[in-house]
Structure formats: C-alpha cells, structure tokens
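Asker: The structure follows.
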Amino acid sequence: MKIAILSRNPKLYSTRRLKEAGEAQGHEVDVIDTLHCYMDITSSRPTVRYHGKELPKYDAIIPRIGASITFYGTAVARQFEMMGTFNVNESVAISRSRDKLRSLQLLSRKGIGLPRTGFASKPDNIKDLIKNVGGAPLVIKLLEGTQGIGVVLADTAKAAESIIEAFMGLKANILVQEYIKESGGADIRCLVIGGRVVAAMKRQGAEGEFRSNLHRGGSAEVVKLSKTERETAVNAAKAMGLNVCGVDLLQSINGPMVMEVNSSPGLEGIETATGKNIAGMVFDFIEKNENNASNNKTRGQG
C-alpha cells in the first residue's frame with residue numbers, strides 16, 4: 001500500500017519508527033510536513049498539493065499532528081478523508097481529543113471514571129470551586145497545556161486561590177481537578193490500537209515531582225493491567241472515536257480514572273519499556289481496515 005505519515009519532523013522517533021515499520025512490511029511510506037500541504041477547498045475533485053505538486057492517491061494516512069497545529073492539521077486530514085483516503089484517526093476525533101474540557105465531558109457522559117473536575121471562567125466564589133472538587137491539595141491545569149506544562153499542584157486552599165486568580169488574571173482557561181494522592185505521582189499509559197490495549201507501562205514521576213511525564217525525567221516499566229483498567233482504556237478510546245491512542249490512567253481507591261486520551265501518543269517510551277513493535281501494529285491495523293475508507297466518520301457523540 002501507499003501510505004503517508006503527516007508529521008512535521010521525519011527525525012522524530014515515532015515518525016522514524018512508523019516509516020521503518022511500514023517499509024519493513026512492504027509498504028511505500030512517505031513523510032509529509034503537514035504545514036506545507038495546501039488544498040483547493042471548493043473543487044469538485046478534492047486534492048492536496050505539496051511543494052507545487054498534487055500529491056498522489058494514498059491508501060491511508062497516519063496523522064501525527066502536534067497540539068500547536070491542531071486546527072490546520074485536522075483540516076489537512078479532513079481533505080484526505082474527502083478524497084476517500086483511510087485515516088487511522090479521523091479528523092473530528094483528533095479535534096475532540098485536543099479539547100481537554102470537551103474530552104472530559106464526553107468521557108463523563110459515557111460513565112468512565114474521572115477525577116472530580118471543575119471548570120470556570122470567572123467564578124463568583126473561588127473557595128466554592130475548590131470545595132466542589134474536594135478541597136486542597138488539588139491540581140490546576142491550563143486547558144491548552146501539553147507534556148505536563150501548565151500543570152500545578154496546589155497543596156493548600158490559599159495556594160490554590162492564588163494560582164487560580166493568577167491564571168484568571170492572564171485570561172487563561174483552566175481546569176481544577178481532584179488530586180489522587182494514592183497514585184503516588186505515577187500513572188499508567190495504555191496504548192490502544194483498534195479497540196484493544198496492545199501495551200501498557202507505568203510511569204513514575206521523578207523524586208519530588210507529581211507529574212509522571214517521561215519528558216520531565218519520569219521513569220517507565222511494564223505493568224500488568226487489571227480487567228477493569230483494560231476495559232476503562234478501551235472504553236475511553238471508543239468514546240473519543242480514536243483507533244490509535246494513548247490512554248493515561250490513575251490508580252485510585254475508587255478504581256481507574258482517566259487523566260487524558262492522547263491522539264498522537266509517543267512510541268519511544270512504550271516501545272523501549274515493553275520491547276514491543278508498536279509501530280508495526282499500527283500497520284497491521286491499517287492492513288485490516290484500509291478498505292473502510294468510505295466509512296470515515298465520527299465515532300461517539302459531541
């Protein structure tokens with residue numbers, strides 16, 4: 001098959017591994033810089049042009065769209081869908097996953113476990129907002145933050161009030177979220193492909209760090225999931241309409257809670273921790289499903 005990876009940097013581990021895995025399985029794989037694509041929107045024959053030429057017909061695309069280019073990246077992905085190309089992660093599902101508030105509302109609608117979360121623009125009573133999620137300590141998150149950036153742990157109610165007021169002074173959109181103390185600064189990253197958890201790792205934050213992101217010095221090890229954890233990850237991916245995603249879980253006394261669903265999960269950490277060929281599994285999924293391009297449509301609701 002002829003497959004395109006939408007990625008801004010062919011040297012990134014995930015992009016490189018996907019290209020290597022696809023070619024190893026006999027496919028022709030091109031890496032296309034998403035921002036250099038341009039489209040004729042009103043044409044009766046949708047096309048995508050790149051460096052002055054019309055791109056060839058691809059059987060499938062793998063969108064590796066960074067959070068900073070979500071709007072334009074999903075527009076490009078949508079154009080490919082209009083051309084009848086199978087998209088591993090449908091454009092609307094990517095947009096949905098990038099909106100943290102929308103994601104939490106959709107997951108909540110499906111009854112999936114979540115930390116108690118508050119959202120407000122200009123609350124009349126910040127103390128009540130804090131009380132409503134269980135009080136301090138609590139986590140305050142910038143709605144647009146990624147990789148642990150813009151995530152703050154407030155140990156006391158006074159500290160929480162000060163941080164919330166500071167963010168609001170900057171006109172930033174924030175989430176106020178229950179702190180799951182029993183997770184001990186660790187979370188579980190589940191890699192879901194085609195409605196199945198194919199790999200999982202436990203990420204532990206560095207000493208004195210409550211964020212478990214590997215980018216922030218965290219460590220990772222293989223973990224065996226419980227049936228409930230596995231089901232929670234699969235249901236979260238399904239609710240978001242994502243075929244390939246990372247689902248981050250927190251272990252709490254009330255069962256697994258979803259912290260985030262990532263539509264472009266990094267492969268380096270989980271391939272290194274588990275020794276599994278995750279990139280190859282993405283192409284296995286494409287091989288089984290690329291004939292369903294005509295069914296590119298939104299899964300879930302909202």
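Going by the structure tokens order, chains are called A, B, ..., each with residues numbered from 1, while ligands are numbered from 1 in the order shown.
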Neighbouring residues of segment 118-133 of chain A were defined as those with any atom within 8 Å, considering only C-alpha atoms; residues of the same chain fewer than 5 positions away were excluded. Please report them as a VMD selection string.
Answerer: chain A and resid 101 138 157 160 to 161 164 168 173 to 178
Asker: Determine, for each residue of segment 138-239 of chain A having at least one atom at most 10 Å from an atom of segment 78-93 of chain A, the closest pair of atoms and their separation in Å to one decimal, counting only C-alpha atoms; order by chain and ascending number, as a tab-separated table.
Answerer:
residue	atom	partner	partner_atom	distance
A:Ile193	CA	A:Val88	CA	9.7
A:Gly194	CA	A:Val88	CA	9.4
A:Ala237	CA	A:Ala93	CA	9.8
A:Ala239	CA	A:Ala93	CA	9.4
Asker: Counting only C-alpha atoms, what is within 8 Å of segment 17-29 of chain A, bar same-chain residues fewer than 4 positions away, as a ChimeraX atom specification?
Answerer: /A:1-5,13,279-280,283
Asker: Quick one: pull the distance between atom CA of Leu225 of chain A and atom CA of Ser263 of chain A, Å, one decimal.
Answerer: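 Computed distance, atom CA of Leu225 of chain A to atom CA of Ser263 of chain A, equals 20.8 Å.
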Asker: Report the residues of segment 2-45 of chain A whose backbone DSSP state falls under strand (DSSP E or B), written as a PyMOL selection string.
Answerer: chain A and resi 2-6+28-32+37-39
Asker: Now that the selection is made, can you save its residues with N, CA and C atoms as a short mmCIF file (atom, residue, chain, number, x, y, z; two decimals), in the first residue's frame?
Answerer:
data_model
loop_
_atom_site.label_atom_id
_atom_site.label_comp_id
_atom_site.auth_asym_id
_atom_site.auth_seq_id
_atom_site.Cartn_x
_atom_site.Cartn_y
_atom_site.Cartn_z
N LYS A 2 0.27 2.36 -0.42
CA LYS A 2 0.95 3.65 -0.40
C LYS A 2 0.37 4.44 0.77
N ILE A 3 1.22 4.78 1.73
CA ILE A 3 0.76 5.37 2.99
C ILE A 3 1.55 6.64 3.29
N ALA A 4 0.86 7.66 3.78
CA ALA A 4 1.51 8.91 4.15
C ALA A 4 1.44 9.12 5.66
N ILE A 5 2.54 9.57 6.23
CA ILE A 5 2.58 9.97 7.64
C ILE A 5 2.59 11.49 7.66
N LEU A 6 1.59 12.10 8.30
CA LEU A 6 1.55 13.55 8.43
C LEU A 6 2.36 13.93 9.66
N GLU A 28 4.88 1.36 0.76
CA GLU A 28 5.57 2.59 0.36
C GLU A 28 5.10 3.69 1.30
N VAL A 29 6.03 4.26 2.06
CA VAL A 29 5.67 5.21 3.11
C VAL A 29 6.35 6.56 2.88
N ASP A 30 5.54 7.62 2.78
CA ASP A 30 6.06 8.98 2.64
C ASP A 30 5.78 9.76 3.92
N VAL A 31 6.73 10.61 4.30
CA VAL A 31 6.52 11.54 5.41
C VAL A 31 6.23 12.92 4.82
N ILE A 32 5.09 13.49 5.17
CA ILE A 32 4.66 14.76 4.61
C ILE A 32 4.54 15.80 5.73
N CYS A 37 1.36 21.41 3.28
CA CYS A 37 0.25 20.97 2.43
C CYS A 37 -0.70 22.15 2.20
N TYR A 38 -1.29 22.20 1.02
CA TYR A 38 -2.33 23.20 0.78
C TYR A 38 -3.39 22.58 -0.11
N MET A 39 -4.60 23.15 -0.04
CA MET A 39 -5.77 22.46 -0.60
C MET A 39 -6.64 23.40 -1.40
#
Asker: I'd like a table as CSV: residues in segment 76-166 of chain A with an atom no more than 12 Å from segment 245-261 of chain A, each row giving the shortest atom pair and its distance in Å to one decimal, only C-alpha atoms counted, sorted by chain and rising residue number.
Answerer:
residue,atom,partner,partner_atom,distance
A:Val88,CA,A:Cys245,CA,10.2
A:Asn89,CA,A:Cys245,CA,8.6
A:Glu90,CA,A:Cys245,CA,11.7
A:Ala93,CA,A:Cys245,CA,10.6
A:Ile94,CA,A:Cys245,CA,9.8
A:Ser95,CA,A:Val261,CA,11.7
A:Arg96,CA,A:Val261,CA,9.9
A:Ser97,CA,A:Val261,CA,6.4
A:Arg98,CA,A:Val261,CA,8.6
A:Asp99,CA,A:Val261,CA,10.2
A:Lys100,CA,A:Glu260,CA,7.8
A:Leu101,CA,A:Glu260,CA,10.5
A:Arg102,CA,A:Glu260,CA,11.4
A:Ser103,CA,A:Val261,CA,7.9
A:Leu104,CA,A:Glu260,CA,8.3
A:Gln105,CA,A:Val258,CA,12.0
A:Leu106,CA,A:Val261,CA,11.4
A:Leu107,CA,A:Val258,CA,8.5
A:Ser108,CA,A:Val258,CA,10.0
A:Gly111,CA,A:Met257,CA,10.8
A:Ile112,CA,A:Val258,CA,7.5
A:Gly113,CA,A:Met257,CA,4.5
A:Leu114,CA,A:Met257,CA,4.6
A:Pro115,CA,A:Met257,CA,6.3
A:Arg116,CA,A:Met257,CA,9.8
A:Thr117,CA,A:Met259,CA,10.6
A:Val139,CA,A:Met259,CA,11.5
A:Lys141,CA,A:Met259,CA,11.5
A:Leu143,CA,A:Glu260,CA,11.8
A:Gly145,CA,A:Glu260,CA,11.8
A:Thr146,CA,A:Glu260,CA,10.5
A:Gln147,CA,A:Glu260,CA,11.0
A:Gly148,CA,A:Glu260,CA,11.3
Asker: For each of A:Arg45, A:Glu231, A:Arg203, A:Arg64, take the minimum atom-to-atom distance to Arg16 of chain A, counting only C-alpha atoms, then give the residue where this is smallest.
Answerer: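 Among the listed residues, the smallest separation from Arg16 of chain A belongs to A:Arg64.
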Asker: Please report, as a list of chain:residue names, each residue of segment 6-84 of chain A to which DSSP assigns alpha helix (DSSP H) when run on this structure's backbone.
Answerer: A:Tyr13, A:Ser14, A:Thr15, A:Arg16, A:Arg17, A:Leu18, A:Lys19, A:Glu20, A:Ala21, A:Gly22, A:Glu23, A:Ala24, A:Thr70, A:Phe71, A:Tyr72, A:Gly73, A:Thr74, A:Ala75, A:Val76, A:Ala77, A:Arg78, A:Gln79, A:Phe80, A:Glu81, A:Met82
Asker: For Val222 of chain A, list every protein, DNA or RNA residue within 8 Å, evaluated using only C-alpha atoms, and leave out those in the same chain fewer than 5 positions away; present the list as a PyMOL selection string.
Answerer: chain A and resi 200-202+273-274
